[in-house]
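Visitor: This is work.txt (compact mmCIF, N, CA and C atoms).
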```txt
# COMPACT_ATOMS: atom_id res chain seq x y z
N MET O 224 -6.75 14.83 3.87
CA MET O 224 -6.54 13.96 4.98
C MET O 224 -7.26 12.62 4.80
N GLY O 225 -8.36 12.60 4.08
CA GLY O 225 -9.09 11.36 3.84
C GLY O 225 -8.26 10.33 3.10
N ALA O 226 -7.45 10.76 2.13
CA ALA O 226 -6.61 9.83 1.38
C ALA O 226 -5.55 9.23 2.28
N LEU O 227 -5.01 10.02 3.22
CA LEU O 227 -4.01 9.48 4.14
C LEU O 227 -4.63 8.44 5.06
N MET O 228 -5.81 8.71 5.54
CA MET O 228 -6.48 7.75 6.42
C MET O 228 -6.80 6.48 5.65
N ALA O 229 -7.27 6.59 4.43
CA ALA O 229 -7.60 5.41 3.64
C ALA O 229 -6.34 4.62 3.33
N ALA O 230 -5.24 5.29 3.00
CA ALA O 230 -4.01 4.59 2.70
C ALA O 230 -3.49 3.85 3.92
N GLY O 231 -3.71 4.41 5.12
CA GLY O 231 -3.28 3.76 6.34
C GLY O 231 -4.02 2.46 6.61
N MET O 232 -5.19 2.30 6.02
CA MET O 232 -5.95 1.06 6.18
C MET O 232 -5.36 -0.08 5.36
N LEU O 233 -4.50 0.22 4.41
CA LEU O 233 -3.85 -0.81 3.60
C LEU O 233 -2.72 -1.39 4.45
N ASN O 234 -3.02 -2.46 5.20
CA ASN O 234 -2.10 -2.96 6.21
C ASN O 234 -1.59 -4.38 5.97
N SER O 235 -1.89 -4.97 4.83
CA SER O 235 -1.45 -6.33 4.51
C SER O 235 -0.68 -6.32 3.19
N ARG O 236 0.51 -6.87 3.19
CA ARG O 236 1.31 -6.95 1.95
C ARG O 236 0.87 -8.17 1.17
N VAL O 237 0.46 -7.99 -0.08
CA VAL O 237 -0.03 -9.08 -0.91
C VAL O 237 0.72 -9.10 -2.24
N SER O 238 0.58 -10.21 -2.93
CA SER O 238 1.13 -10.37 -4.27
C SER O 238 -0.01 -10.65 -5.23
N ILE O 239 -0.10 -9.89 -6.30
CA ILE O 239 -1.06 -10.14 -7.37
C ILE O 239 -0.34 -11.02 -8.39
N GLN O 240 -0.93 -12.16 -8.74
CA GLN O 240 -0.29 -13.09 -9.66
C GLN O 240 -1.17 -13.36 -10.87
N ALA O 241 -0.51 -13.56 -12.01
CA ALA O 241 -1.20 -13.87 -13.26
C ALA O 241 -0.65 -15.19 -13.82
N ARG O 242 -1.46 -15.86 -14.58
CA ARG O 242 -1.00 -17.10 -15.22
C ARG O 242 0.10 -16.77 -16.22
N ALA O 243 1.08 -17.67 -16.28
CA ALA O 243 2.18 -17.50 -17.22
C ALA O 243 2.51 -18.85 -17.82
N PRO O 244 2.88 -18.87 -19.09
CA PRO O 244 3.25 -20.16 -19.69
C PRO O 244 4.53 -20.68 -19.07
N GLY O 245 4.59 -21.99 -18.92
CA GLY O 245 5.77 -22.61 -18.36
C GLY O 245 5.79 -24.08 -18.71
N ARG O 246 6.67 -24.83 -18.07
CA ARG O 246 6.80 -26.27 -18.32
C ARG O 246 6.80 -27.00 -16.98
N ASP O 247 6.19 -28.20 -16.98
CA ASP O 247 6.20 -29.00 -15.76
C ASP O 247 7.50 -29.80 -15.66
N ALA O 248 7.59 -30.69 -14.67
CA ALA O 248 8.82 -31.46 -14.43
C ALA O 248 9.18 -32.36 -15.59
N LEU O 249 8.19 -32.74 -16.41
CA LEU O 249 8.44 -33.61 -17.56
C LEU O 249 8.69 -32.81 -18.84
N GLY O 250 8.69 -31.49 -18.73
CA GLY O 250 8.92 -30.65 -19.89
C GLY O 250 7.67 -30.36 -20.71
N GLN O 251 6.51 -30.76 -20.20
CA GLN O 251 5.25 -30.53 -20.90
C GLN O 251 4.77 -29.10 -20.60
N PRO O 252 4.07 -28.47 -21.57
CA PRO O 252 3.54 -27.13 -21.31
C PRO O 252 2.58 -27.16 -20.11
N ALA O 253 2.71 -26.17 -19.26
CA ALA O 253 1.86 -26.07 -18.07
C ALA O 253 1.70 -24.61 -17.69
N ASN O 254 0.57 -24.30 -17.12
CA ASN O 254 0.35 -22.93 -16.62
C ASN O 254 0.99 -22.79 -15.24
N THR O 255 1.72 -21.73 -15.06
CA THR O 255 2.30 -21.41 -13.77
C THR O 255 1.82 -20.02 -13.38
N TRP O 256 2.19 -19.57 -12.21
CA TRP O 256 1.79 -18.25 -11.75
C TRP O 256 3.03 -17.37 -11.63
N ALA O 257 2.93 -16.14 -12.10
CA ALA O 257 4.02 -15.18 -12.02
C ALA O 257 3.50 -13.91 -11.35
N GLU O 258 4.36 -13.29 -10.54
CA GLU O 258 3.94 -12.07 -9.85
C GLU O 258 3.81 -10.90 -10.80
N LEU O 259 2.66 -10.27 -10.77
CA LEU O 259 2.41 -9.05 -11.54
C LEU O 259 2.81 -7.83 -10.72
N ALA O 260 2.47 -7.86 -9.42
CA ALA O 260 2.77 -6.72 -8.55
C ALA O 260 2.73 -7.16 -7.09
N SER O 261 3.49 -6.47 -6.28
CA SER O 261 3.43 -6.62 -4.83
C SER O 261 2.92 -5.28 -4.31
N MET O 262 1.92 -5.31 -3.43
CA MET O 262 1.30 -4.06 -2.99
C MET O 262 0.66 -4.22 -1.63
N TRP O 263 0.31 -3.08 -1.04
CA TRP O 263 -0.40 -3.07 0.23
C TRP O 263 -1.90 -3.18 -0.02
N ALA O 264 -2.60 -3.88 0.88
CA ALA O 264 -4.02 -4.14 0.70
C ALA O 264 -4.73 -4.14 2.05
N ASN O 265 -6.06 -4.06 1.98
CA ASN O 265 -6.91 -4.23 3.15
C ASN O 265 -7.80 -5.43 2.85
N ILE O 266 -7.66 -6.48 3.64
CA ILE O 266 -8.41 -7.72 3.41
C ILE O 266 -9.56 -7.79 4.41
N ARG O 267 -10.79 -7.90 3.88
CA ARG O 267 -11.98 -8.02 4.73
C ARG O 267 -12.68 -9.34 4.38
N HIS O 268 -12.75 -10.24 5.34
CA HIS O 268 -13.44 -11.50 5.12
C HIS O 268 -14.93 -11.28 5.34
N GLN O 269 -15.72 -11.68 4.35
CA GLN O 269 -17.15 -11.40 4.40
C GLN O 269 -17.95 -12.56 4.96
N SER O 270 -17.65 -13.77 4.51
CA SER O 270 -18.44 -14.91 4.98
C SER O 270 -17.70 -16.20 4.68
N GLY O 271 -18.16 -17.23 5.32
CA GLY O 271 -17.67 -18.57 5.05
C GLY O 271 -18.86 -19.46 4.78
N ALA O 272 -18.68 -20.45 3.96
CA ALA O 272 -19.77 -21.36 3.64
C ALA O 272 -19.18 -22.73 3.35
N GLU O 273 -20.01 -23.74 3.44
CA GLU O 273 -19.58 -25.07 3.08
C GLU O 273 -20.35 -25.52 1.86
N ALA O 274 -19.67 -26.25 1.00
CA ALA O 274 -20.30 -26.74 -0.22
C ALA O 274 -19.74 -28.12 -0.54
N VAL O 275 -20.44 -28.84 -1.40
CA VAL O 275 -19.96 -30.14 -1.84
C VAL O 275 -19.45 -29.98 -3.26
N ARG O 276 -18.18 -30.32 -3.44
CA ARG O 276 -17.57 -30.28 -4.77
C ARG O 276 -16.87 -31.60 -4.99
N ALA O 277 -17.15 -32.23 -6.11
CA ALA O 277 -16.55 -33.52 -6.45
C ALA O 277 -16.73 -34.51 -5.29
N ASP O 278 -17.94 -34.55 -4.74
CA ASP O 278 -18.31 -35.47 -3.66
C ASP O 278 -17.49 -35.28 -2.39
N ALA O 279 -16.92 -34.09 -2.19
CA ALA O 279 -16.18 -33.80 -0.97
C ALA O 279 -16.66 -32.49 -0.39
N LEU O 280 -16.73 -32.42 0.93
CA LEU O 280 -17.14 -31.20 1.60
C LEU O 280 -15.97 -30.24 1.63
N VAL O 281 -16.18 -29.02 1.14
CA VAL O 281 -15.13 -28.00 1.14
C VAL O 281 -15.68 -26.73 1.77
N SER O 282 -14.78 -25.92 2.32
CA SER O 282 -15.21 -24.64 2.85
C SER O 282 -14.81 -23.55 1.87
N VAL O 283 -15.68 -22.57 1.72
CA VAL O 283 -15.44 -21.45 0.82
C VAL O 283 -15.49 -20.17 1.65
N VAL O 284 -14.41 -19.40 1.62
CA VAL O 284 -14.35 -18.15 2.35
C VAL O 284 -14.36 -17.02 1.33
N ARG O 285 -15.27 -16.08 1.49
CA ARG O 285 -15.37 -14.94 0.58
C ARG O 285 -14.70 -13.74 1.23
N ALA O 286 -13.99 -12.96 0.43
CA ALA O 286 -13.29 -11.80 0.95
C ALA O 286 -13.33 -10.67 -0.07
N SER O 287 -13.20 -9.46 0.44
CA SER O 287 -13.04 -8.28 -0.40
C SER O 287 -11.66 -7.71 -0.08
N ILE O 288 -10.86 -7.52 -1.10
CA ILE O 288 -9.50 -7.03 -0.92
C ILE O 288 -9.38 -5.68 -1.62
N ARG O 289 -9.14 -4.64 -0.83
CA ARG O 289 -9.01 -3.28 -1.39
C ARG O 289 -7.53 -2.98 -1.62
N VAL O 290 -7.21 -2.55 -2.85
CA VAL O 290 -5.85 -2.18 -3.22
C VAL O 290 -5.90 -0.87 -4.00
N ARG O 291 -4.75 -0.28 -4.19
CA ARG O 291 -4.69 0.91 -5.05
C ARG O 291 -5.03 0.48 -6.48
N ARG O 292 -5.73 1.34 -7.18
CA ARG O 292 -6.22 1.01 -8.52
C ARG O 292 -5.09 0.76 -9.51
N ARG O 293 -5.28 -0.29 -10.28
CA ARG O 293 -4.39 -0.65 -11.40
C ARG O 293 -5.28 -1.05 -12.56
N ARG O 294 -4.84 -0.78 -13.74
CA ARG O 294 -5.65 -1.13 -14.92
C ARG O 294 -5.39 -2.54 -15.43
N ASP O 295 -4.34 -3.19 -14.92
CA ASP O 295 -3.96 -4.49 -15.47
C ASP O 295 -4.39 -5.69 -14.62
N VAL O 296 -5.22 -5.49 -13.60
CA VAL O 296 -5.69 -6.60 -12.77
C VAL O 296 -7.04 -7.08 -13.31
N THR O 297 -7.16 -8.41 -13.49
CA THR O 297 -8.39 -8.99 -14.04
C THR O 297 -8.88 -10.14 -13.16
N ALA O 298 -10.08 -10.61 -13.46
CA ALA O 298 -10.69 -11.70 -12.70
C ALA O 298 -10.03 -13.05 -12.96
N SER O 299 -9.09 -13.14 -13.87
CA SER O 299 -8.39 -14.40 -14.12
C SER O 299 -7.13 -14.53 -13.27
N MET O 300 -6.91 -13.57 -12.37
CA MET O 300 -5.70 -13.56 -11.56
C MET O 300 -6.00 -14.02 -10.14
N ARG O 301 -4.96 -13.98 -9.30
CA ARG O 301 -5.14 -14.36 -7.91
C ARG O 301 -4.32 -13.44 -7.01
N VAL O 302 -4.68 -13.44 -5.73
CA VAL O 302 -3.97 -12.65 -4.71
C VAL O 302 -3.40 -13.64 -3.71
N VAL O 303 -2.14 -13.46 -3.35
CA VAL O 303 -1.51 -14.32 -2.35
C VAL O 303 -1.12 -13.46 -1.16
N HIS O 304 -1.56 -13.89 0.02
CA HIS O 304 -1.21 -13.21 1.27
C HIS O 304 -0.67 -14.29 2.21
N GLY O 305 0.63 -14.31 2.41
CA GLY O 305 1.24 -15.37 3.22
C GLY O 305 1.02 -16.70 2.53
N SER O 306 0.38 -17.63 3.22
CA SER O 306 0.12 -18.95 2.63
C SER O 306 -1.29 -19.07 2.07
N VAL O 307 -2.06 -17.98 2.12
CA VAL O 307 -3.45 -18.00 1.65
C VAL O 307 -3.53 -17.49 0.21
N VAL O 308 -4.21 -18.27 -0.63
CA VAL O 308 -4.38 -17.91 -2.03
C VAL O 308 -5.85 -17.56 -2.26
N TYR O 309 -6.09 -16.34 -2.73
CA TYR O 309 -7.44 -15.85 -3.02
C TYR O 309 -7.65 -15.84 -4.53
N GLU O 310 -8.69 -16.49 -5.02
CA GLU O 310 -9.05 -16.44 -6.44
C GLU O 310 -9.87 -15.18 -6.67
N ILE O 311 -9.45 -14.34 -7.61
CA ILE O 311 -10.20 -13.12 -7.91
C ILE O 311 -11.41 -13.49 -8.77
N LYS O 312 -12.59 -13.14 -8.28
CA LYS O 312 -13.84 -13.42 -9.00
C LYS O 312 -14.33 -12.19 -9.76
N ALA O 313 -14.05 -10.98 -9.24
CA ALA O 313 -14.48 -9.75 -9.90
C ALA O 313 -13.59 -8.60 -9.44
N VAL O 314 -13.43 -7.62 -10.32
CA VAL O 314 -12.67 -6.40 -10.02
C VAL O 314 -13.65 -5.24 -10.05
N LEU O 315 -13.82 -4.57 -8.91
CA LEU O 315 -14.78 -3.47 -8.80
C LEU O 315 -14.04 -2.16 -8.59
N PRO O 316 -14.09 -1.25 -9.55
CA PRO O 316 -13.40 0.04 -9.38
C PRO O 316 -14.14 0.94 -8.39
N ASP O 317 -13.39 1.81 -7.75
CA ASP O 317 -13.97 2.82 -6.87
C ASP O 317 -14.47 3.95 -7.77
N GLU O 318 -15.78 4.02 -7.95
CA GLU O 318 -16.36 4.99 -8.88
C GLU O 318 -16.34 6.41 -8.33
N VAL O 319 -16.24 6.56 -7.03
CA VAL O 319 -16.31 7.89 -6.43
C VAL O 319 -14.99 8.63 -6.59
N ARG O 320 -13.91 8.06 -6.10
CA ARG O 320 -12.62 8.74 -6.13
C ARG O 320 -11.67 8.18 -7.18
N GLY O 321 -11.83 6.91 -7.54
CA GLY O 321 -10.98 6.31 -8.55
C GLY O 321 -9.58 5.96 -8.06
N GLU O 322 -9.35 6.06 -6.75
CA GLU O 322 -8.02 5.81 -6.20
C GLU O 322 -7.80 4.33 -5.86
N PHE O 323 -8.88 3.64 -5.49
CA PHE O 323 -8.79 2.24 -5.07
C PHE O 323 -9.65 1.36 -5.95
N MET O 324 -9.52 0.04 -5.76
CA MET O 324 -10.42 -0.92 -6.38
C MET O 324 -10.58 -2.07 -5.39
N ASP O 325 -11.73 -2.72 -5.46
CA ASP O 325 -12.01 -3.86 -4.60
C ASP O 325 -11.98 -5.12 -5.43
N LEU O 326 -11.28 -6.12 -4.92
CA LEU O 326 -11.20 -7.41 -5.58
C LEU O 326 -12.10 -8.37 -4.80
N VAL O 327 -13.13 -8.87 -5.46
CA VAL O 327 -14.04 -9.84 -4.85
C VAL O 327 -13.37 -11.19 -5.03
N CYS O 328 -13.08 -11.85 -3.90
CA CYS O 328 -12.26 -13.08 -3.95
C CYS O 328 -12.90 -14.23 -3.18
N GLU O 329 -12.38 -15.44 -3.45
CA GLU O 329 -12.75 -16.63 -2.71
C GLU O 329 -11.51 -17.44 -2.39
N VAL O 330 -11.53 -18.05 -1.22
CA VAL O 330 -10.52 -19.04 -0.83
C VAL O 330 -11.26 -20.34 -0.71
N VAL O 331 -10.83 -21.37 -1.43
CA VAL O 331 -11.47 -22.67 -1.37
C VAL O 331 -10.50 -23.63 -0.70
N ALA O 332 -10.96 -24.24 0.39
CA ALA O 332 -10.10 -25.17 1.13
C ALA O 332 -10.80 -26.50 1.33
```
Could you write out this structure as structure tokens?

Guide:
Amino acid sequence: MGALMAAGMLNSRVSIQARAPGRDALGQPANTWAELASMWANIRHQSGAEAVRADALVSVVRASIRVRRRRDVTASMRVVHGSVVYEIKAVLPDEVRGEFMDLVCEVVA
């Protein structure tokens, strides 16, 4: 019953995206994003902070996104939920049951 309850907490549909080679409007090589997987997730926002980057004030929102475990998700990817793009900073496996993994993410706006 614990697995059913945990699965029920996955209430947000997200897209995991990886960089893919492509071309820009001028035909020059450019990195684009391609969907690796679409899955259910639980998004928990941990904190928000403000920082100065390139002489501009920006807000940084940290989140933990729990998804079913996959072996092909890395910290070089991103998670998209609606119009929000989360940069994956770390992938933390669930060491106890091995069924889920937590993606430590940031949204920079």

Visitor: Pull the strand (DSSP E) assignments for segment 249-320 of chain O out of DSSP run on the backbone, and list those residues as a VMD selection string.

Guide: chain O and resid 252 to 276 279 to 291 301 to 304 307 to 316

Visitor: Enter the distance from atom C of Arg242 of chain O to atom C of Ala298 of chain O, in Å, rounded to one decimal.

Guide: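 Separation of atom C of Arg242 of chain O and atom C of Ala298 of chain O: 11.3 Å.
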
Visitor: Assign secondary structure with DSSP using the backbone only, and return the residues of segment 226-322 of chain O in helix (DSSP H, G or I) as a list in words.

Guide: Ala226, Leu227, Met228, Ala229, Ala230 and Gly231 of chain O

Visitor: Go ahead and save the residues from that selection, with N, CA and C atoms, as an mmCIF file, in the frame of the given file.

Guide:
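The resulting result32.cif:
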```
data_model
loop_
_atom_site.group_PDB
_atom_site.id
_atom_site.type_symbol
_atom_site.label_atom_id
_atom_site.label_comp_id
_atom_site.auth_asym_id
_atom_site.auth_seq_id
_atom_site.Cartn_x
_atom_site.Cartn_y
_atom_site.Cartn_z
ATOM 1 N N ALA O 226 -7.450 10.760 2.130
ATOM 2 C CA ALA O 226 -6.610 9.830 1.380
ATOM 3 C C ALA O 226 -5.550 9.230 2.280
ATOM 4 N N LEU O 227 -5.010 10.020 3.220
ATOM 5 C CA LEU O 227 -4.010 9.480 4.140
ATOM 6 C C LEU O 227 -4.630 8.440 5.060
ATOM 7 N N MET O 228 -5.810 8.710 5.540
ATOM 8 C CA MET O 228 -6.480 7.750 6.420
ATOM 9 C C MET O 228 -6.800 6.480 5.650
ATOM 10 N N ALA O 229 -7.270 6.590 4.430
ATOM 11 C CA ALA O 229 -7.600 5.410 3.640
ATOM 12 C C ALA O 229 -6.340 4.620 3.330
ATOM 13 N N ALA O 230 -5.240 5.290 3.000
ATOM 14 C CA ALA O 230 -4.010 4.590 2.700
ATOM 15 C C ALA O 230 -3.490 3.850 3.920
ATOM 16 N N GLY O 231 -3.710 4.410 5.120
ATOM 17 C CA GLY O 231 -3.280 3.760 6.340
ATOM 18 C C GLY O 231 -4.020 2.460 6.610
#
```

Visitor: Mind listing as an mmCIF file with N, CA and C atoms, in the coordinates of the input all residues within 6 Å of (-6.5, -5.1, 8.5), counting all atoms listed in the file?

Guide:
```cif
data_model
loop_
_atom_site.group_PDB
_atom_site.id
_atom_site.type_symbol
_atom_site.label_atom_id
_atom_site.label_comp_id
_atom_site.auth_asym_id
_atom_site.auth_seq_id
_atom_site.Cartn_x
_atom_site.Cartn_y
_atom_site.Cartn_z
ATOM 1 N N ASN O 234 -3.020 -2.460 5.200
ATOM 2 C CA ASN O 234 -2.100 -2.960 6.210
ATOM 3 C C ASN O 234 -1.590 -4.380 5.970
ATOM 4 N N SER O 235 -1.890 -4.970 4.830
ATOM 5 C CA SER O 235 -1.450 -6.330 4.510
ATOM 6 C C SER O 235 -0.680 -6.320 3.190
ATOM 7 N N ASN O 265 -6.060 -4.060 1.980
ATOM 8 C CA ASN O 265 -6.910 -4.230 3.150
ATOM 9 C C ASN O 265 -7.800 -5.430 2.850
ATOM 10 N N ILE O 266 -7.660 -6.480 3.640
ATOM 11 C CA ILE O 266 -8.410 -7.720 3.410
ATOM 12 C C ILE O 266 -9.560 -7.790 4.410
#
```

Visitor: Using only C-alpha atoms, which of O:Val284, O:Gly305, O:Arg293, O:Asp247 sits nearest Glu322 of chain O?

Guide: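 That would be O:Arg293, the residue with the smallest distance to Glu322 of chain O.
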
Visitor: Which residue, O:Gln240, O:Arg294, O:Met232, O:Arg320, has the smallest gap to Val308 of chain O when you use only C-alpha atoms?

Guide: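 Under the stated criterion, the closest residue is O:Gln240.
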
Visitor: Pick out the closest residue to Leu259 of chain O from this set: O:Phe323, O:Ser287, O:Met300, O:Glu310. Count only C-alpha atoms.

Guide: O:Met300

Visitor: Between O:Val330, O:Val296, O:Met324, O:Ile239, which residue has the minimum interatomic distance to Ala257 of chain O, considering only N, CA and C atoms?

Guide: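 Result for the nearest residue to Ala257 of chain O: O:Ile239.
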
Visitor: Calculate how many Å separate atom CA of Ser306 of chain O from atom C of Leu249 of chain O, rounding to one decimal.

Guide: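 Here the two named atoms are 27.0 Å from each other.
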
Visitor: One number please: atom C of Val303 of chain O to atom CA of Gly245 of chain O, in Å, one decimal.

Guide: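 We find that atom C of Val303 of chain O and atom CA of Gly245 of chain O lie 20.7 Å from each other.
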
Visitor: As a PyMOL selection string, please: the residues near Thr297 of chain O (cut-off 9 Å, only C-alpha atoms, same-chain neighbours under 6 positions excluded).

Guide: chain O and resi 241+311-314

Visitor: Some atoms are absent from segment 286-307 of chain O, so rebuild N, CA, C and O atoms and return them as a short mmCIF file (atom, residue, chain, number, x, y, z; two decimals), in the coordinates of the input.

Guide:
```cif
data_model
loop_
_atom_site.label_atom_id
_atom_site.label_comp_id
_atom_site.auth_asym_id
_atom_site.auth_seq_id
_atom_site.Cartn_x
_atom_site.Cartn_y
_atom_site.Cartn_z
N ALA O 286 -13.99 -12.96 0.43
CA ALA O 286 -13.29 -11.80 0.95
C ALA O 286 -13.33 -10.67 -0.07
O ALA O 286 -13.47 -10.91 -1.27
N SER O 287 -13.20 -9.46 0.44
CA SER O 287 -13.04 -8.28 -0.40
C SER O 287 -11.66 -7.71 -0.08
O SER O 287 -11.34 -7.48 1.08
N ILE O 288 -10.86 -7.52 -1.10
CA ILE O 288 -9.50 -7.03 -0.92
C ILE O 288 -9.38 -5.68 -1.62
O ILE O 288 -9.54 -5.59 -2.84
N ARG O 289 -9.14 -4.64 -0.83
CA ARG O 289 -9.01 -3.28 -1.39
C ARG O 289 -7.53 -2.98 -1.62
O ARG O 289 -6.70 -3.16 -0.73
N VAL O 290 -7.21 -2.55 -2.85
CA VAL O 290 -5.85 -2.18 -3.22
C VAL O 290 -5.90 -0.87 -4.00
O VAL O 290 -6.97 -0.43 -4.43
N ARG O 291 -4.75 -0.28 -4.19
CA ARG O 291 -4.69 0.91 -5.05
C ARG O 291 -5.03 0.48 -6.48
O ARG O 291 -4.67 -0.61 -6.92
N ARG O 292 -5.73 1.34 -7.18
CA ARG O 292 -6.22 1.01 -8.52
C ARG O 292 -5.09 0.76 -9.51
O ARG O 292 -4.10 1.47 -9.54
N ARG O 293 -5.28 -0.29 -10.28
CA ARG O 293 -4.39 -0.65 -11.40
C ARG O 293 -5.28 -1.05 -12.56
O ARG O 293 -6.33 -1.64 -12.36
N ARG O 294 -4.84 -0.78 -13.74
CA ARG O 294 -5.65 -1.13 -14.92
C ARG O 294 -5.39 -2.54 -15.43
O ARG O 294 -6.13 -3.04 -16.26
N ASP O 295 -4.34 -3.19 -14.92
CA ASP O 295 -3.96 -4.49 -15.47
C ASP O 295 -4.39 -5.69 -14.62
O ASP O 295 -4.01 -6.81 -14.90
N VAL O 296 -5.22 -5.49 -13.60
CA VAL O 296 -5.69 -6.60 -12.77
C VAL O 296 -7.04 -7.08 -13.31
O VAL O 296 -7.93 -6.28 -13.54
N THR O 297 -7.16 -8.41 -13.49
CA THR O 297 -8.39 -8.99 -14.04
C THR O 297 -8.88 -10.14 -13.16
O THR O 297 -8.17 -10.61 -12.27
N ALA O 298 -10.08 -10.61 -13.46
CA ALA O 298 -10.69 -11.70 -12.70
C ALA O 298 -10.03 -13.05 -12.96
O ALA O 298 -10.34 -14.03 -12.29
N SER O 299 -9.09 -13.14 -13.87
CA SER O 299 -8.39 -14.40 -14.12
C SER O 299 -7.13 -14.53 -13.27
O SER O 299 -6.40 -15.50 -13.38
N MET O 300 -6.91 -13.57 -12.37
CA MET O 300 -5.70 -13.56 -11.56
C MET O 300 -6.00 -14.02 -10.14
O MET O 300 -7.12 -14.39 -9.83
N ARG O 301 -4.96 -13.98 -9.30
CA ARG O 301 -5.14 -14.36 -7.91
C ARG O 301 -4.32 -13.44 -7.01
O ARG O 301 -3.40 -12.76 -7.47
N VAL O 302 -4.68 -13.44 -5.73
CA VAL O 302 -3.97 -12.65 -4.71
C VAL O 302 -3.40 -13.64 -3.71
O VAL O 302 -4.10 -14.55 -3.26
N VAL O 303 -2.14 -13.46 -3.35
CA VAL O 303 -1.51 -14.32 -2.35
C VAL O 303 -1.12 -13.46 -1.16
O VAL O 303 -0.45 -12.43 -1.31
N HIS O 304 -1.56 -13.89 0.02
CA HIS O 304 -1.21 -13.21 1.27
C HIS O 304 -0.67 -14.29 2.21
O HIS O 304 -1.44 -15.13 2.70
N GLY O 305 0.63 -14.31 2.41
CA GLY O 305 1.24 -15.37 3.22
C GLY O 305 1.02 -16.70 2.53
O GLY O 305 1.37 -16.87 1.36
N SER O 306 0.38 -17.63 3.22
CA SER O 306 0.12 -18.95 2.63
C SER O 306 -1.29 -19.07 2.07
O SER O 306 -1.69 -20.12 1.59
N VAL O 307 -2.06 -17.98 2.12
CA VAL O 307 -3.45 -18.00 1.65
C VAL O 307 -3.53 -17.49 0.21
O VAL O 307 -2.98 -16.44 -0.11
#
```
